[in-house]
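Accompanying notes for the structure given below.
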Amino acid sequence: MLGFLTARQAGLDDPLRLRRAESTRRVLSLKLNPDRDVDRIHGNGINTIDIEAIEGRYMLSGGADGVIVVYDLENYSGQLQYTCKAVCTVGRSSKYVHKFSVETVQWYPYDTGMFVSSSFDKTMKVWDTETLKPAEVFQFEGNVYSHHLSPIARKHSLIAVGTKEPKIQLCDLKSGSRIHVLQGHRAEVLSVRWSPRYEHILATASADSKVKVWDVRRASGCLFTLDQHNGDKSKASSEAVNTAHDGRVNGLCFTGDGLYLLTTGTDDRMRLWNSATGENTLVNYGKVCNESRKRLQFTVSRGCSPEFVFVPCGSSVAVYGLHTGELVTMLRGHYNNVDCCEFHPDYQELYSGGKDCNILAWVPVIRASDVEEETKSANQLQVSREIGYWQFDRPKGFLASGSGSET
């Protein structure tokens, strides 16, 4: 650490190098925090969570019970041990609650006053956070598996929606209508994801084993379909041509810079793709257990060097090196299968939700040197206070504070 500080002071290092190094160290030290609890509200498994990017303070969760919860992650108590409280809930008693399982929740990227949820009740609802009432409701013909708003879009306000139908629906927040359909898949669309680099680029994953990348400004079909064999027909059977996986593809995630796309499938494989060319980078992550027949929510770190991937794997969360494929560690703490996880880039923390109805907080471990420095600082502060009290507060003519005899 001193080497980084010295190099930064001398102007030898990039300003972000120290930040990346410390972020990486924190991610590598993630542990289940016994001092931080999250209110247990859901009566059934937790399918999806999302942390807003404006303040990094509020977290959404959606469960198989149809309930949506908003949590405040801030620690107001000042105590080491605290609970992240549920500040509001769309519970079973609300007339606006989803009738069936909530599959995806997402904050509006520019304002915490609005969020969007989609469900197996064939609806997607745009909520007013203040009133907890839907400002808009979109109806679909089949179950909704996934939706996503672009985190960077300025020229459009489209929500991409994947349903039981093989068509991807594009819904416009401004007009409140479905304005476009993307056709090309042959089975239900399990996951959709906008690029964080280009606002018109969309990736979609389907039960037909295919992942397609679209430019929504074009009307002539997708830009390309990901091929796990990179066009080598000698390695692919006729059924496996232009397939990303040998099973259902139920997970999509772009890296923070949008240069790479990660996919997961029920063939127990995870693949890393160049998002510009569609090339399979052939990084080998080994067997990545994937038993979910619905959307799997996994996440990638941001601000680290190298970056890491967090993937639900049974009742654990597996942590992989993004570009090496190395299994770094397994985060164990849930009592049942994990269905979703979300990375908090501001504090390098991870939150995970599962079928055990719990949301767990994985927090970087404070280094021993940090603990020693904090203890030393506290002791120094106490000594300073005592000295200050003795020097400035004792009555004139007394030998010691508060006692003694006159001279």
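Every chain in the structure tokens has a letter given in the order shown (A, B, ...), and although residue numbers restart at 1 in each chain, ligands are simply numbered from 1 in the order shown.
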
Shell of 7 Å around region 51-58 of chain A, only C-alpha atoms, local chain residues under 3 positions omitted, as a PyMOL selection string: chain A and resi 70-74+107+109-112

Please list as a ChimeraX atom specification every residue within 9 Å of region 161-170 of chain A, counting only C-alpha atoms and excluding residues in the same chain fewer than 2 positions away. /A:118,122,124,140-148,158-159,172,177-192,204-206

Would you save the residues from that selection as a PDB file, in the first residue's frame, using C-alpha atoms?
```pdb
ATOM      1  CA  SER A 118     -42.247  -8.202 -14.218  1.00  0.00           C
ATOM      2  CA  LYS A 122     -48.063 -11.932 -17.580  1.00  0.00           C
ATOM      3  CA  MET A 124     -44.855  -5.726 -16.290  1.00  0.00           C
ATOM      4  CA  PHE A 140     -48.482  -9.852 -22.327  1.00  0.00           C
ATOM      5  CA  GLU A 141     -49.728 -13.145 -23.717  1.00  0.00           C
ATOM      6  CA  GLY A 142     -47.314 -15.320 -21.748  1.00  0.00           C
ATOM      7  CA  ASN A 143     -45.230 -15.387 -18.568  1.00  0.00           C
ATOM      8  CA  VAL A 144     -42.622 -12.638 -18.370  1.00  0.00           C
ATOM      9  CA  TYR A 145     -39.155 -14.055 -17.677  1.00  0.00           C
ATOM     10  CA  SER A 146     -37.045 -10.928 -17.893  1.00  0.00           C
ATOM     11  CA  HIS A 147     -37.009  -7.219 -18.669  1.00  0.00           C
ATOM     12  CA  HIS A 148     -34.292  -4.579 -18.794  1.00  0.00           C
ATOM     13  CA  LEU A 158     -37.303   1.408 -24.228  1.00  0.00           C
ATOM     14  CA  ILE A 159     -37.780  -1.582 -21.958  1.00  0.00           C
ATOM     15  CA  ASP A 172     -41.779   2.606 -24.632  1.00  0.00           C
ATOM     16  CA  SER A 177     -47.179   1.201 -25.479  1.00  0.00           C
ATOM     17  CA  ARG A 178     -45.418  -1.713 -27.118  1.00  0.00           C
ATOM     18  CA  ILE A 179     -43.803  -0.190 -30.179  1.00  0.00           C
ATOM     19  CA  HIS A 180     -41.680  -2.950 -31.710  1.00  0.00           C
ATOM     20  CA  VAL A 181     -41.112  -6.717 -31.827  1.00  0.00           C
ATOM     21  CA  LEU A 182     -37.807  -8.496 -32.482  1.00  0.00           C
ATOM     22  CA  GLN A 183     -38.257 -11.895 -34.135  1.00  0.00           C
ATOM     23  CA  GLY A 184     -35.668 -14.628 -34.549  1.00  0.00           C
ATOM     24  CA  HIS A 185     -35.781 -16.964 -31.550  1.00  0.00           C
ATOM     25  CA  ARG A 186     -37.731 -20.232 -31.661  1.00  0.00           C
ATOM     26  CA  ALA A 187     -38.466 -20.679 -27.955  1.00  0.00           C
ATOM     27  CA  GLU A 188     -39.163 -18.602 -24.851  1.00  0.00           C
ATOM     28  CA  VAL A 189     -36.785 -15.687 -24.216  1.00  0.00           C
ATOM     29  CA  LEU A 190     -35.286 -16.176 -20.752  1.00  0.00           C
ATOM     30  CA  SER A 191     -32.994 -13.153 -20.449  1.00  0.00           C
ATOM     31  CA  VAL A 192     -32.534  -9.738 -22.093  1.00  0.00           C
ATOM     32  CA  THR A 204     -31.187 -11.778 -25.806  1.00  0.00           C
ATOM     33  CA  ALA A 205     -30.933 -15.382 -24.588  1.00  0.00           C
ATOM     34  CA  SER A 206     -33.448 -18.130 -25.258  1.00  0.00           C
TER      35      SER A 206
END
```

Between A:Arg92, A:His42, A:Lys174, A:Lys85, which one has atoms that come closest to Val126 (chain A), using only C-alpha atoms?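 Using only C-alpha atoms, Val126 (chain A) sits closest to A:Lys174.
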
List every residue of region 3-63 of chain A that has an atom at most 12 Å from any atom of region 306-310 of chain A, giving for each one its closest atom pair and the distance in Å to one decimal, counting only C-alpha atoms, sorted by chain and then by ascending residue number, as a tab-separated table.
```
residue	atom	partner	partner_atom	distance
A:Arg17	CA	A:Pro306	CA	11.6
A:Arg20	CA	A:Pro306	CA	8.6
A:Ala21	CA	A:Pro306	CA	9.1
A:Glu22	CA	A:Pro306	CA	11.6
A:Ser23	CA	A:Glu307	CA	9.8
A:Thr24	CA	A:Pro306	CA	7.3
A:Arg25	CA	A:Pro306	CA	10.5
A:Arg26	CA	A:Phe308	CA	11.8
A:Val27	CA	A:Phe308	CA	8.3
A:Leu28	CA	A:Phe308	CA	9.2
A:Leu30	CA	A:Phe310	CA	11.5
```

Just checking: using only C-alpha atoms, which residue out of A:Leu259, A:Pro345, A:Leu282, A:Leu360 ends up closest to Leu331 (chain A)?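 Checking each candidate against Leu331 (chain A), we get A:Leu360 as the closest.
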